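The next block holds one structure in the form of structure tokens; read it before the comments.
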Amino acid sequence: MSRAILVGLGPRSYQVRVGAGLIDAAGEAVTPLIKRRRTAIVTDETVWGLHGARLMGSLTRAGIAATPIVVAPGEQTKSFEGLAEVTDRLLALELDRGDVIVAFGGGVVGDLAGFAAAIYKRGIDFVQIPTTLLAQVDSSVGGKTAIDTPRGKNLVGAFHQPRLVLADLDVLSSLPEREMRAGYAEVIKYGLLGDFAFFEWLEANGAAVLAREAVALSQAVARSVEMKAEIVEEDEIEQGRRALLNLGHTFGHALESETGYGEALLHGEAVGAGMALAFRFSAAQGLCDAQEAARATAAIAAAGLPTRLSDIRAEPFAAERLVRHMAQDKKAQDGRLTFILARRLGEAFVAKDVDAAAVTQFLKSEGAA
Ligand code: GLY
């Protein structure tokens, strides 16, 4: 059983299908989108090893000749070098604008393949088959594609919507526990930013989602995608409301910068801590009730995610360094800090003129040096 959620963007509208067994039916799903029965699958070694045979089998049964482009797993692949490799392989395969490429993996593969699709021969269609919880509920939906540069993450990219997203819940059963929890941070994010009833549902059912119980997992992914679709429909290129999806990201990116964007702190973990900090900062500023901030913190902690600076590392972070990272963040405009803050559980807002000194003081109250 699968559910289909429409991302309604006029001529760029597409479905996000959420359910079990979708990879086995990918060939049928892709067939109406392609002119020639051929495609390239951009994937990474880990995903290809685990699930490649299922996808190849499905495409082959549909008579589609697919060539895998297998990149190294990890954030370092989301680079100009990685992009050059993928686009060169696409050129060698002589794919043209009537063809479709498939992004098969987590957020790194989706962002890289999506950006390659955005610029290859001035734009080619692509299908997202996300294989992590984070990619299913966030990065595969909404058309943000990018690579990193030595100056920061996601600094070179394009909005390029996929033609179809297949979120196959079966693949999550092989996802490492830590990555599952990291992806779950983005699920709680939707409840915290805009749907109190969903937040309450997650308080009650979060453990079942993390245990990958089929009904709870399907409900969590589908509701997250519905919320993302609704926000993207209203604000495709992030002129306003879409920025709410960055709840926890300003604090989170600063923490990721300080910890080296790697295994020490996964992106979703940084978002978990960042959301807890954003709620407590909102409370410290008198914008949100302290009890609501404590409840947000408790729900994030219950998922095994960090909520305090000391959960991330014993050595104190330097408050000024964290704030400097925030000022360099691409969301900062004219030197003022932009944060997503909260009025209450289920109601976040964009705060464009946050005082850096208040953030520094708050971080010190949270144990930063
Ligand atoms: N991941 C945030 C967004 O898609 O806007």
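As shown in the structure tokens, the chain order sets the letters A, B, ...; within each chain, residues go from 1, and ligands are also counted from 1 in the order they appear.
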Residue set, range 117-255 of chain A restricted to strand (DSSP E or B), as a PyMOL selection string = chain A and resi 125-130+144-149+152-159+164-168
Contacts of range 167-178 of chain A at 8 Å or less, counting only C-alpha atoms, minus same-chain residues fewer than 5 places along, as a PyMOL selection string?
-> chain A and resi 16-23+51+129-133+136+212+217-218
Please dump the current selection as a short mmCIF file (atom, residue, chain, number, x, y, z; two decimals), in the first residue's frame; keep N, CA and C atoms.
```cif
data_model
loop_
_atom_site.label_atom_id
_atom_site.label_comp_id
_atom_site.auth_asym_id
_atom_site.auth_seq_id
_atom_site.Cartn_x
_atom_site.Cartn_y
_atom_site.Cartn_z
N VAL A 16 4.81 12.55 -4.68
CA VAL A 16 5.72 11.84 -3.78
C VAL A 16 4.95 10.62 -3.33
N ARG A 17 5.41 9.45 -3.69
CA ARG A 17 4.74 8.21 -3.26
C ARG A 17 5.47 7.68 -2.03
N VAL A 18 4.69 7.33 -1.02
CA VAL A 18 5.25 6.84 0.24
C VAL A 18 4.67 5.46 0.49
N GLY A 19 5.51 4.45 0.64
CA GLY A 19 4.97 3.13 0.93
C GLY A 19 6.04 2.05 0.82
N ALA A 20 5.64 0.83 1.06
CA ALA A 20 6.57 -0.30 0.96
C ALA A 20 6.60 -0.80 -0.49
N GLY A 21 7.73 -1.36 -0.89
CA GLY A 21 7.82 -2.03 -2.19
C GLY A 21 7.91 -1.11 -3.39
N LEU A 22 8.12 0.17 -3.20
CA LEU A 22 8.09 1.10 -4.34
C LEU A 22 9.29 0.91 -5.27
N ILE A 23 10.41 0.45 -4.71
CA ILE A 23 11.58 0.24 -5.59
C ILE A 23 11.28 -0.89 -6.58
N HIS A 51 20.80 -2.18 -2.11
CA HIS A 51 19.49 -2.16 -2.78
C HIS A 51 19.56 -2.09 -4.31
N ILE A 129 14.75 8.68 -5.64
CA ILE A 129 14.40 7.50 -4.84
C ILE A 129 15.24 7.58 -3.57
N PRO A 130 14.74 8.30 -2.56
CA PRO A 130 15.53 8.55 -1.35
C PRO A 130 15.59 7.31 -0.46
N THR A 131 16.78 7.06 0.09
CA THR A 131 16.97 5.82 0.86
C THR A 131 17.30 6.06 2.33
N THR A 132 17.21 7.31 2.79
CA THR A 132 17.34 7.57 4.23
C THR A 132 16.07 8.27 4.69
N LEU A 133 15.82 8.21 5.99
CA LEU A 133 14.63 8.90 6.51
C LEU A 133 14.75 10.40 6.24
N GLN A 136 13.93 11.14 2.72
CA GLN A 136 12.50 10.90 2.39
C GLN A 136 11.62 12.03 2.90
N ARG A 212 10.60 1.53 13.56
CA ARG A 212 10.21 1.25 12.17
C ARG A 212 8.95 0.38 12.09
N LEU A 217 5.50 4.45 10.97
CA LEU A 217 6.53 4.99 10.07
C LEU A 217 5.88 5.63 8.84
N SER A 218 4.93 4.93 8.29
CA SER A 218 4.25 5.44 7.10
C SER A 218 3.53 6.76 7.41
#
```
Each residue of chain A lying at most 10 Å from ligand 1 should get a row with its shortest atom-to-atom pair and the distance in Å to one decimal, counting only C-alpha atoms and all ligand atoms; could you produce that, ordered by chain and increasing number, as CSV?
```
residue,atom,partner,partner_atom_place_in_ligand_line,distance
A:Gly107,CA,ligand 1,1 (N),9.9
A:Leu134,CA,ligand 1,1 (N),9.5
A:Ala135,CA,ligand 1,1 (N),9.3
A:Val137,CA,ligand 1,1 (N),9.2
A:Asp138,CA,ligand 1,1 (N),5.6
A:Ser139,CA,ligand 1,1 (N),5.5
A:Ser140,CA,ligand 1,4 (O),8.3
A:Val141,CA,ligand 1,4 (O),6.9
A:Gly142,CA,ligand 1,4 (O),5.6
A:Gly143,CA,ligand 1,4 (O),7.3
A:Lys144,CA,ligand 1,4 (O),5.8
A:Thr145,CA,ligand 1,4 (O),9.1
A:Phe159,CA,ligand 1,4 (O),9.8
A:Glu186,CA,ligand 1,1 (N),8.8
A:Lys228,CA,ligand 1,4 (O),7.7
A:Ala229,CA,ligand 1,4 (O),9.8
A:Ile231,CA,ligand 1,5 (O),8.7
A:Val232,CA,ligand 1,5 (O),7.5
A:Asp235,CA,ligand 1,5 (O),9.3
A:Glu236,CA,ligand 1,5 (O),8.4
A:Ile237,CA,ligand 1,5 (O),8.2
A:Glu238,CA,ligand 1,5 (O),6.9
A:Arg241,CA,ligand 1,5 (O),9.4
A:Arg242,CA,ligand 1,5 (O),5.6
A:Ala243,CA,ligand 1,5 (O),6.3
A:Leu244,CA,ligand 1,5 (O),7.9
A:Leu245,CA,ligand 1,2 (C),5.0
A:Asn246,CA,ligand 1,2 (C),5.9
A:Leu247,CA,ligand 1,2 (C),9.0
A:His249,CA,ligand 1,2 (C),9.2
```
Create the file for the chosen residues now, containing C-alpha atoms and written as an mmCIF file, in the first residue's frame.
```cif
data_model
loop_
_atom_site.group_PDB
_atom_site.id
_atom_site.type_symbol
_atom_site.label_atom_id
_atom_site.label_comp_id
_atom_site.auth_asym_id
_atom_site.auth_seq_id
_atom_site.Cartn_x
_atom_site.Cartn_y
_atom_site.Cartn_z
ATOM 1 C CA GLY A 107 20.702 13.510 0.819
ATOM 2 C CA LEU A 134 16.143 12.377 6.249
ATOM 3 C CA ALA A 135 16.052 12.313 2.469
ATOM 4 C CA VAL A 137 11.015 13.557 4.655
ATOM 5 C CA ASP A 138 13.109 16.519 3.611
ATOM 6 C CA SER A 139 15.840 16.702 0.990
ATOM 7 C CA SER A 140 14.230 14.693 -1.832
ATOM 8 C CA VAL A 141 11.137 16.916 -1.840
ATOM 9 C CA GLY A 142 11.080 20.550 -2.902
ATOM 10 C CA GLY A 143 13.762 20.811 -5.559
ATOM 11 C CA LYS A 144 16.727 22.159 -3.599
ATOM 12 C CA THR A 145 19.904 20.787 -5.180
ATOM 13 C CA PHE A 159 16.140 24.837 -7.606
ATOM 14 C CA GLU A 186 13.534 16.451 10.577
ATOM 15 C CA LYS A 228 6.769 19.992 3.125
ATOM 16 C CA ALA A 229 4.645 19.887 -0.037
ATOM 17 C CA ILE A 231 5.100 24.851 2.280
ATOM 18 C CA VAL A 232 6.949 24.391 -1.024
ATOM 19 C CA ASP A 235 6.971 29.386 -1.440
ATOM 20 C CA GLU A 236 8.961 27.348 -3.944
ATOM 21 C CA ILE A 237 12.161 29.407 -3.970
ATOM 22 C CA GLU A 238 12.262 30.428 -0.311
ATOM 23 C CA ARG A 241 7.517 30.752 4.556
ATOM 24 C CA ARG A 242 9.831 28.021 3.251
ATOM 25 C CA ALA A 243 12.509 29.427 5.555
ATOM 26 C CA LEU A 244 10.532 27.876 8.433
ATOM 27 C CA LEU A 245 11.983 24.551 7.279
ATOM 28 C CA ASN A 246 15.298 25.871 8.578
ATOM 29 C CA LEU A 247 14.106 25.608 12.181
ATOM 30 C CA HIS A 249 19.479 24.994 11.249
#
```
Might you pull out every residue within 6 Å of range 112-123 of chain A, with only C-alpha atoms counted and same-chain residues fewer than 2 positions away left off, and present them as a PyMOL selection string?
-> chain A and resi 78+103+109-110+145-146+160
Extract, using only C-alpha atoms, all DNA, RNA and protein residues at most 9 Å from Gly82 in chain A, discarding same-chain residues fewer than 4 positions from it, and format them as a PyMOL selection string.
-> chain A and resi 71-72+76-78+86-87+112+147
Using only C-alpha atoms, which protein or nucleic acid residues come within 9 Å of Leu287 in chain A? Drop anything in the same chain fewer than 2 positions from it, and give the result as an mmCIF file with all heavy atoms, in the first residue's frame.
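File written: result-v1.cif
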```
data_model
loop_
_atom_site.group_PDB
_atom_site.id
_atom_site.type_symbol
_atom_site.label_atom_id
_atom_site.label_comp_id
_atom_site.auth_asym_id
_atom_site.auth_seq_id
_atom_site.Cartn_x
_atom_site.Cartn_y
_atom_site.Cartn_z
ATOM 1 N N PHE A 281 16.078 29.559 23.264
ATOM 2 C CA PHE A 281 16.419 30.967 22.991
ATOM 3 C C PHE A 281 15.126 31.786 22.883
ATOM 4 O O PHE A 281 15.037 32.900 23.410
ATOM 5 C CB PHE A 281 17.256 31.074 21.709
ATOM 6 C CG PHE A 281 17.647 32.480 21.355
ATOM 7 C CD1 PHE A 281 18.429 33.240 22.218
ATOM 8 C CD2 PHE A 281 17.237 33.062 20.164
ATOM 9 C CE1 PHE A 281 18.788 34.560 21.899
ATOM 10 C CE2 PHE A 281 17.582 34.366 19.837
ATOM 11 C CZ PHE A 281 18.364 35.112 20.702
ATOM 12 N N SER A 282 14.122 31.222 22.225
ATOM 13 C CA SER A 282 12.829 31.915 22.114
ATOM 14 C C SER A 282 12.264 32.178 23.509
ATOM 15 O O SER A 282 11.736 33.265 23.784
ATOM 16 C CB SER A 282 11.829 31.076 21.305
ATOM 17 O OG SER A 282 12.345 30.790 20.026
ATOM 18 N N ALA A 283 12.382 31.179 24.380
ATOM 19 C CA ALA A 283 11.878 31.362 25.755
ATOM 20 C C ALA A 283 12.707 32.436 26.475
ATOM 21 O O ALA A 283 12.148 33.313 27.149
ATOM 22 C CB ALA A 283 11.934 30.030 26.509
ATOM 23 N N ALA A 284 14.025 32.397 26.291
ATOM 24 C CA ALA A 284 14.901 33.392 26.954
ATOM 25 C C ALA A 284 14.577 34.806 26.477
ATOM 26 O O ALA A 284 14.722 35.769 27.235
ATOM 27 C CB ALA A 284 16.365 33.061 26.665
ATOM 28 N N GLN A 285 14.099 34.928 25.241
ATOM 29 C CA GLN A 285 13.735 36.242 24.694
ATOM 30 C C GLN A 285 12.308 36.639 25.044
ATOM 31 O O GLN A 285 11.813 37.670 24.586
ATOM 32 C CB GLN A 285 13.876 36.227 23.163
ATOM 33 C CG GLN A 285 15.288 36.023 22.664
ATOM 34 C CD GLN A 285 16.199 37.181 23.033
ATOM 35 O OE1 GLN A 285 16.020 38.295 22.571
ATOM 36 N NE2 GLN A 285 17.155 36.922 23.912
ATOM 37 N N ASP A 289 6.722 30.367 25.872
ATOM 38 C CA ASP A 289 6.671 29.898 27.252
ATOM 39 C C ASP A 289 7.812 28.903 27.528
ATOM 40 O O ASP A 289 8.066 28.016 26.709
ATOM 41 C CB ASP A 289 5.305 29.203 27.401
ATOM 42 C CG ASP A 289 4.974 28.911 28.833
ATOM 43 O OD1 ASP A 289 5.642 28.032 29.421
ATOM 44 O OD2 ASP A 289 4.065 29.570 29.341
ATOM 45 N N LEU A 341 12.461 31.186 14.974
ATOM 46 C CA LEU A 341 12.153 31.116 16.407
ATOM 47 C C LEU A 341 10.725 30.628 16.583
ATOM 48 O O LEU A 341 9.998 30.411 15.603
ATOM 49 C CB LEU A 341 12.388 32.488 17.057
ATOM 50 C CG LEU A 341 13.844 32.992 16.963
ATOM 51 C CD1 LEU A 341 13.994 34.351 17.638
ATOM 52 C CD2 LEU A 341 14.832 31.990 17.552
ATOM 53 N N ALA A 342 10.325 30.440 17.839
ATOM 54 C CA ALA A 342 9.006 29.831 18.093
ATOM 55 C C ALA A 342 8.168 30.692 19.026
ATOM 56 O O ALA A 342 8.691 31.294 19.974
ATOM 57 C CB ALA A 342 9.206 28.449 18.704
ATOM 58 N N ARG A 343 6.881 30.738 18.711
ATOM 59 C CA ARG A 343 5.930 31.367 19.646
ATOM 60 C C ARG A 343 5.364 30.321 20.595
ATOM 61 O O ARG A 343 5.049 30.609 21.733
ATOM 62 C CB ARG A 343 4.784 32.035 18.883
ATOM 63 C CG ARG A 343 5.221 33.238 18.105
ATOM 64 C CD ARG A 343 4.083 34.181 17.745
ATOM 65 N NE ARG A 343 4.652 35.286 16.992
ATOM 66 C CZ ARG A 343 4.837 35.272 15.666
ATOM 67 N NH1 ARG A 343 4.448 34.238 14.945
ATOM 68 N NH2 ARG A 343 5.397 36.288 15.052
ATOM 69 N N ARG A 344 5.190 29.136 20.048
ATOM 70 C CA ARG A 344 4.694 28.001 20.844
ATOM 71 C C ARG A 344 4.978 26.725 20.061
ATOM 72 O O ARG A 344 5.442 26.796 18.910
ATOM 73 C CB ARG A 344 3.190 28.130 21.138
ATOM 74 C CG ARG A 344 2.307 28.246 19.913
ATOM 75 C CD ARG A 344 0.847 28.439 20.300
ATOM 76 N NE ARG A 344 0.646 29.690 21.002
ATOM 77 C CZ ARG A 344 0.498 30.888 20.430
ATOM 78 N NH1 ARG A 344 0.495 30.983 19.108
ATOM 79 N NH2 ARG A 344 0.333 31.973 21.133
#
```
Looking at only C-alpha atoms, which of A:Val42, A:Val100, A:Ala348, A:Ala369 is the one that sits closest to Asp195 in chain A?
-> A:Ala348
Write out as a PDB file with N, CA, C and O atoms, in the first residue's frame the residues lying within 8 Å of Ala293 in chain A, counting only C-alpha atoms and excluding same-chain residues fewer than 2 positions away.
```
ATOM      1  N   ALA A 276      16.214  22.480  19.794  1.00  0.00           N
ATOM      2  CA  ALA A 276      16.073  22.659  21.247  1.00  0.00           C
ATOM      3  C   ALA A 276      16.627  24.024  21.652  1.00  0.00           C
ATOM      4  O   ALA A 276      16.006  24.762  22.441  1.00  0.00           O
ATOM      5  N   PHE A 279      14.221  26.824  20.566  1.00  0.00           N
ATOM      6  CA  PHE A 279      13.067  26.961  21.476  1.00  0.00           C
ATOM      7  C   PHE A 279      13.499  27.615  22.792  1.00  0.00           C
ATOM      8  O   PHE A 279      12.808  28.503  23.307  1.00  0.00           O
ATOM      9  N   ARG A 280      14.640  27.189  23.326  1.00  0.00           N
ATOM     10  CA  ARG A 280      15.057  27.787  24.607  1.00  0.00           C
ATOM     11  C   ARG A 280      15.487  29.243  24.410  1.00  0.00           C
ATOM     12  O   ARG A 280      15.257  30.075  25.290  1.00  0.00           O
ATOM     13  N   SER A 282      14.122  31.222  22.225  1.00  0.00           N
ATOM     14  CA  SER A 282      12.829  31.915  22.114  1.00  0.00           C
ATOM     15  C   SER A 282      12.264  32.178  23.509  1.00  0.00           C
ATOM     16  O   SER A 282      11.736  33.265  23.784  1.00  0.00           O
ATOM     17  N   ALA A 283      12.382  31.179  24.380  1.00  0.00           N
ATOM     18  CA  ALA A 283      11.878  31.362  25.755  1.00  0.00           C
ATOM     19  C   ALA A 283      12.707  32.436  26.475  1.00  0.00           C
ATOM     20  O   ALA A 283      12.148  33.313  27.149  1.00  0.00           O
ATOM     21  N   CYS A 288       8.335  32.810  23.859  1.00  0.00           N
ATOM     22  CA  CYS A 288       7.685  31.498  23.968  1.00  0.00           C
ATOM     23  C   CYS A 288       7.739  31.083  25.437  1.00  0.00           C
ATOM     24  O   CYS A 288       8.688  31.428  26.150  1.00  0.00           O
ATOM     25  N   ASP A 289       6.722  30.367  25.872  1.00  0.00           N
ATOM     26  CA  ASP A 289       6.671  29.898  27.252  1.00  0.00           C
ATOM     27  C   ASP A 289       7.812  28.903  27.528  1.00  0.00           C
ATOM     28  O   ASP A 289       8.066  28.016  26.709  1.00  0.00           O
ATOM     29  N   ALA A 290       8.458  29.044  28.682  1.00  0.00           N
ATOM     30  CA  ALA A 290       9.591  28.156  28.999  1.00  0.00           C
ATOM     31  C   ALA A 290       9.144  26.697  29.085  1.00  0.00           C
ATOM     32  O   ALA A 290       9.916  25.787  28.759  1.00  0.00           O
ATOM     33  N   GLN A 291       7.907  26.470  29.512  1.00  0.00           N
ATOM     34  CA  GLN A 291       7.427  25.073  29.603  1.00  0.00           C
ATOM     35  C   GLN A 291       7.298  24.434  28.223  1.00  0.00           C
ATOM     36  O   GLN A 291       7.527  23.246  28.048  1.00  0.00           O
ATOM     37  N   ARG A 295       9.208  21.204  26.803  1.00  0.00           N
ATOM     38  CA  ARG A 295       8.515  20.065  26.184  1.00  0.00           C
ATOM     39  C   ARG A 295       9.119  19.731  24.812  1.00  0.00           C
ATOM     40  O   ARG A 295       9.282  18.552  24.472  1.00  0.00           O
ATOM     41  N   ALA A 296       9.484  20.758  24.065  1.00  0.00           N
ATOM     42  CA  ALA A 296      10.168  20.519  22.783  1.00  0.00           C
ATOM     43  C   ALA A 296      11.486  19.791  23.043  1.00  0.00           C
ATOM     44  O   ALA A 296      11.809  18.787  22.389  1.00  0.00           O
ATOM     45  N   THR A 297      12.236  20.281  24.035  1.00  0.00           N
ATOM     46  CA  THR A 297      13.532  19.671  24.372  1.00  0.00           C
ATOM     47  C   THR A 297      13.341  18.206  24.763  1.00  0.00           C
ATOM     48  O   THR A 297      14.094  17.325  24.313  1.00  0.00           O
ATOM     49  N   ARG A 344       5.190  29.136  20.048  1.00  0.00           N
ATOM     50  CA  ARG A 344       4.694  28.001  20.844  1.00  0.00           C
ATOM     51  C   ARG A 344       4.978  26.725  20.061  1.00  0.00           C
ATOM     52  O   ARG A 344       5.442  26.796  18.910  1.00  0.00           O
ATOM     53  N   LEU A 345       4.681  25.588  20.670  1.00  0.00           N
ATOM     54  CA  LEU A 345       4.817  24.320  19.957  1.00  0.00           C
ATOM     55  C   LEU A 345       3.878  24.348  18.756  1.00  0.00           C
ATOM     56  O   LEU A 345       2.685  24.623  18.912  1.00  0.00           O
TER      57      LEU A 345
END
```
What is the distance between CA of Asp88 in chain A and CA of Ile69 in chain A, in Å to one decimal?
-> 10.4 Å
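Residues lying within 8 Å of Gly346 in chain A, counting only C-alpha atoms and ignoring same-chain neighbours fewer than 2 positions away, are Tyr190, Gly191, Leu192, Leu193, Gly194, Asp195, Phe196, Ala197, Phe199, Arg344 and Ala348 of chain A.
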For the atom pair CA of Val156 in chain A and CA of Tyr261 in chain A, what is the interatomic distance in Å to one decimal place?
-> 17.2 Å
Which residues of range 89-178 of chain A come within 8 Å of range 24-38 of chain A, and what is each one's closest atom pair and distance in Å (one decimal), counting only C-alpha atoms, sorted by chain and residue number, as JSON lines?
```
{"residue": "A:Gly98", "atom": "CA", "partner": "A:Lys35", "partner_atom": "CA", "distance": 5.9}
{"residue": "A:Asp99", "atom": "CA", "partner": "A:Ile34", "partner_atom": "CA", "distance": 5.8}
{"residue": "A:Val100", "atom": "CA", "partner": "A:Ile34", "partner_atom": "CA", "distance": 6.1}
{"residue": "A:Val127", "atom": "CA", "partner": "A:Val30", "partner_atom": "CA", "distance": 7.9}
{"residue": "A:Arg163", "atom": "CA", "partner": "A:Leu33", "partner_atom": "CA", "distance": 7.7}
{"residue": "A:Leu166", "atom": "CA", "partner": "A:Ala26", "partner_atom": "CA", "distance": 7.7}
```
Prev. selection, N, CA, C and O atoms, output as a JSON list (two decimals), in the first residue's frame:
```json
[["chain", "number", "residue", "atom", "x", "y", "z"],
["A", 98, "GLY", "N", 15.56, 14.53, -23.41],
["A", 98, "GLY", "CA", 14.33, 13.73, -23.31],
["A", 98, "GLY", "C", 14.47, 12.58, -22.32],
["A", 98, "GLY", "O", 13.49, 11.90, -22.02],
["A", 99, "ASP", "N", 15.67, 12.38, -21.81],
["A", 99, "ASP", "CA", 15.90, 11.28, -20.87],
["A", 99, "ASP", "C", 15.68, 11.76, -19.44],
["A", 99, "ASP", "O", 15.52, 12.95, -19.17],
["A", 100, "VAL", "N", 15.68, 10.79, -18.54],
["A", 100, "VAL", "CA", 15.46, 11.07, -17.12],
["A", 100, "VAL", "C", 16.57, 10.37, -16.36],
["A", 100, "VAL", "O", 16.92, 9.23, -16.70],
["A", 127, "VAL", "N", 14.35, 11.71, -11.23],
["A", 127, "VAL", "CA", 13.45, 11.06, -10.27],
["A", 127, "VAL", "C", 14.25, 10.83, -9.00],
["A", 127, "VAL", "O", 15.41, 10.41, -9.07],
["A", 163, "ARG", "N", 10.71, 14.94, -11.07],
["A", 163, "ARG", "CA", 9.43, 14.60, -11.75],
["A", 163, "ARG", "C", 8.61, 13.65, -10.90],
["A", 163, "ARG", "O", 7.40, 13.49, -11.11],
["A", 166, "LEU", "N", 9.96, 8.56, -5.06],
["A", 166, "LEU", "CA", 9.50, 7.26, -4.56],
["A", 166, "LEU", "C", 10.16, 7.02, -3.20],
["A", 166, "LEU", "O", 11.36, 6.72, -3.14]]
```
Per DSSP on the backbone, what are the alpha helix (DSSP H) residues of range 14-262 of chain A, as a VMD selection string?
-> chain A and resid 26 to 30 45 to 61 80 to 92 107 to 119 133 to 134 177 to 194 196 to 210 214 to 234 249 to 259
Could you write those residues out with C-alpha atoms, as a tab-separated table (two decimals), in the first residue's frame?
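Dumped to out-v4.tsv:
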```
chain	number	residue	atom	x	y	z
A	26	ALA	CA	10.08	1.76	-9.97
A	27	GLY	CA	10.28	0.57	-13.59
A	28	GLU	CA	6.53	0.97	-14.09
A	29	ALA	CA	6.55	4.30	-12.27
A	30	VAL	CA	9.38	5.73	-14.38
A	45	GLU	CA	28.54	2.35	-3.08
A	46	THR	CA	26.65	1.60	0.13
A	47	VAL	CA	23.15	2.04	-1.29
A	48	TRP	CA	24.06	0.24	-4.49
A	49	GLY	CA	25.42	-2.71	-2.54
A	50	LEU	CA	22.31	-2.97	-0.38
A	51	HIS	CA	19.49	-2.16	-2.78
A	52	GLY	CA	20.92	-1.88	-6.31
A	53	ALA	CA	19.75	-5.31	-7.45
A	54	ARG	CA	16.12	-4.49	-6.54
A	55	LEU	CA	16.15	-1.28	-8.56
A	56	MET	CA	17.99	-2.81	-11.53
A	57	GLY	CA	15.58	-5.75	-11.52
A	58	SER	CA	12.58	-3.47	-11.57
A	59	LEU	CA	13.92	-1.25	-14.37
A	60	THR	CA	15.00	-4.28	-16.42
A	61	ARG	CA	11.54	-5.88	-16.08
A	80	PHE	CA	32.81	20.24	-7.90
A	81	GLU	CA	34.91	17.10	-8.46
A	82	GLY	CA	31.91	14.85	-7.76
A	83	LEU	CA	29.74	16.96	-10.05
A	84	ALA	CA	32.34	16.80	-12.83
A	85	GLU	CA	32.49	13.03	-12.50
A	86	VAL	CA	28.71	12.61	-12.68
A	87	THR	CA	28.19	15.02	-15.58
A	88	ASP	CA	31.09	13.46	-17.50
A	89	ARG	CA	29.55	10.01	-17.10
A	90	LEU	CA	26.16	11.33	-18.27
A	91	LEU	CA	27.84	12.85	-21.35
A	92	ALA	CA	29.64	9.58	-22.06
A	107	GLY	CA	20.70	13.51	0.82
A	108	VAL	CA	24.22	13.67	-0.66
A	109	VAL	CA	23.28	11.65	-3.74
A	110	GLY	CA	19.96	13.48	-4.14
A	111	ASP	CA	21.60	16.91	-3.95
A	112	LEU	CA	24.46	15.97	-6.26
A	113	ALA	CA	22.39	14.11	-8.86
A	114	GLY	CA	19.69	16.79	-8.69
A	115	PHE	CA	22.22	19.55	-9.35
A	116	ALA	CA	23.80	17.53	-12.17
A	117	ALA	CA	20.28	17.16	-13.63
A	118	ALA	CA	19.67	20.91	-13.26
A	119	ILE	CA	22.71	21.83	-15.36
A	133	LEU	CA	14.63	8.90	6.51
A	134	LEU	CA	16.14	12.38	6.25
A	177	GLU	CA	20.01	3.34	14.15
A	178	ARG	CA	21.95	6.59	14.43
A	179	GLU	CA	20.94	7.73	10.94
A	180	MET	CA	17.33	6.82	11.70
A	181	ARG	CA	17.40	9.09	14.76
A	182	ALA	CA	19.12	11.84	12.80
A	183	GLY	CA	16.39	11.68	10.14
A	184	TYR	CA	13.74	11.69	12.84
A	185	ALA	CA	14.93	15.18	13.87
A	186	GLU	CA	13.53	16.45	10.58
A	187	VAL	CA	10.24	14.67	11.31
A	188	ILE	CA	9.82	16.34	14.71
A	189	LYS	CA	10.74	19.60	12.99
A	190	TYR	CA	7.43	19.60	11.09
A	191	GLY	CA	5.44	19.20	14.30
A	192	LEU	CA	7.43	21.90	16.05
A	193	LEU	CA	7.26	24.42	13.23
A	194	GLY	CA	3.67	24.11	12.15
A	196	PHE	CA	0.93	20.88	17.16
A	197	ALA	CA	-1.34	17.84	16.67
A	198	PHE	CA	1.46	16.08	14.75
A	199	PHE	CA	3.92	17.02	17.51
A	200	GLU	CA	1.60	15.44	20.11
A	201	TRP	CA	1.19	12.38	17.89
A	202	LEU	CA	4.99	12.08	17.73
A	203	GLU	CA	5.28	12.39	21.51
A	204	ALA	CA	3.03	9.32	21.71
A	205	ASN	CA	4.28	7.41	18.67
A	206	GLY	CA	7.91	8.50	18.20
A	207	ALA	CA	9.27	5.28	19.69
A	208	ALA	CA	7.18	3.23	17.21
A	209	VAL	CA	8.45	5.37	14.32
A	210	LEU	CA	12.05	4.85	15.43
A	214	ALA	CA	5.08	0.01	9.54
A	215	VAL	CA	1.92	1.99	10.29
A	216	ALA	CA	3.62	4.60	12.49
A	217	LEU	CA	6.53	4.99	10.07
A	218	SER	CA	4.25	5.44	7.10
A	219	GLN	CA	2.15	8.01	8.95
A	220	ALA	CA	5.25	9.96	10.07
A	221	VAL	CA	6.82	10.07	6.60
A	222	ALA	CA	3.54	10.87	4.84
A	223	ARG	CA	2.61	13.69	7.23
A	224	SER	CA	6.11	15.17	6.97
A	225	VAL	CA	5.95	15.09	3.17
A	226	GLU	CA	2.45	16.61	3.18
A	227	MET	CA	3.71	19.50	5.27
A	228	LYS	CA	6.77	19.99	3.13
A	229	ALA	CA	4.64	19.89	-0.04
A	230	GLU	CA	2.26	22.48	1.35
A	231	ILE	CA	5.10	24.85	2.28
A	232	VAL	CA	6.95	24.39	-1.02
A	233	GLU	CA	3.73	24.98	-2.98
A	234	GLU	CA	3.33	28.29	-1.21
A	249	HIS	CA	19.48	24.99	11.25
A	250	THR	CA	21.20	28.25	12.21
A	251	PHE	CA	22.34	26.88	15.56
A	252	GLY	CA	22.79	23.47	13.92
A	253	HIS	CA	25.05	24.63	11.08
A	254	ALA	CA	27.25	26.52	13.54
A	255	LEU	CA	27.64	23.34	15.60
A	256	GLU	CA	28.36	21.31	12.45
A	257	SER	CA	31.00	23.83	11.39
A	258	GLU	CA	32.69	23.55	14.78
A	259	THR	CA	32.61	19.75	14.73
```
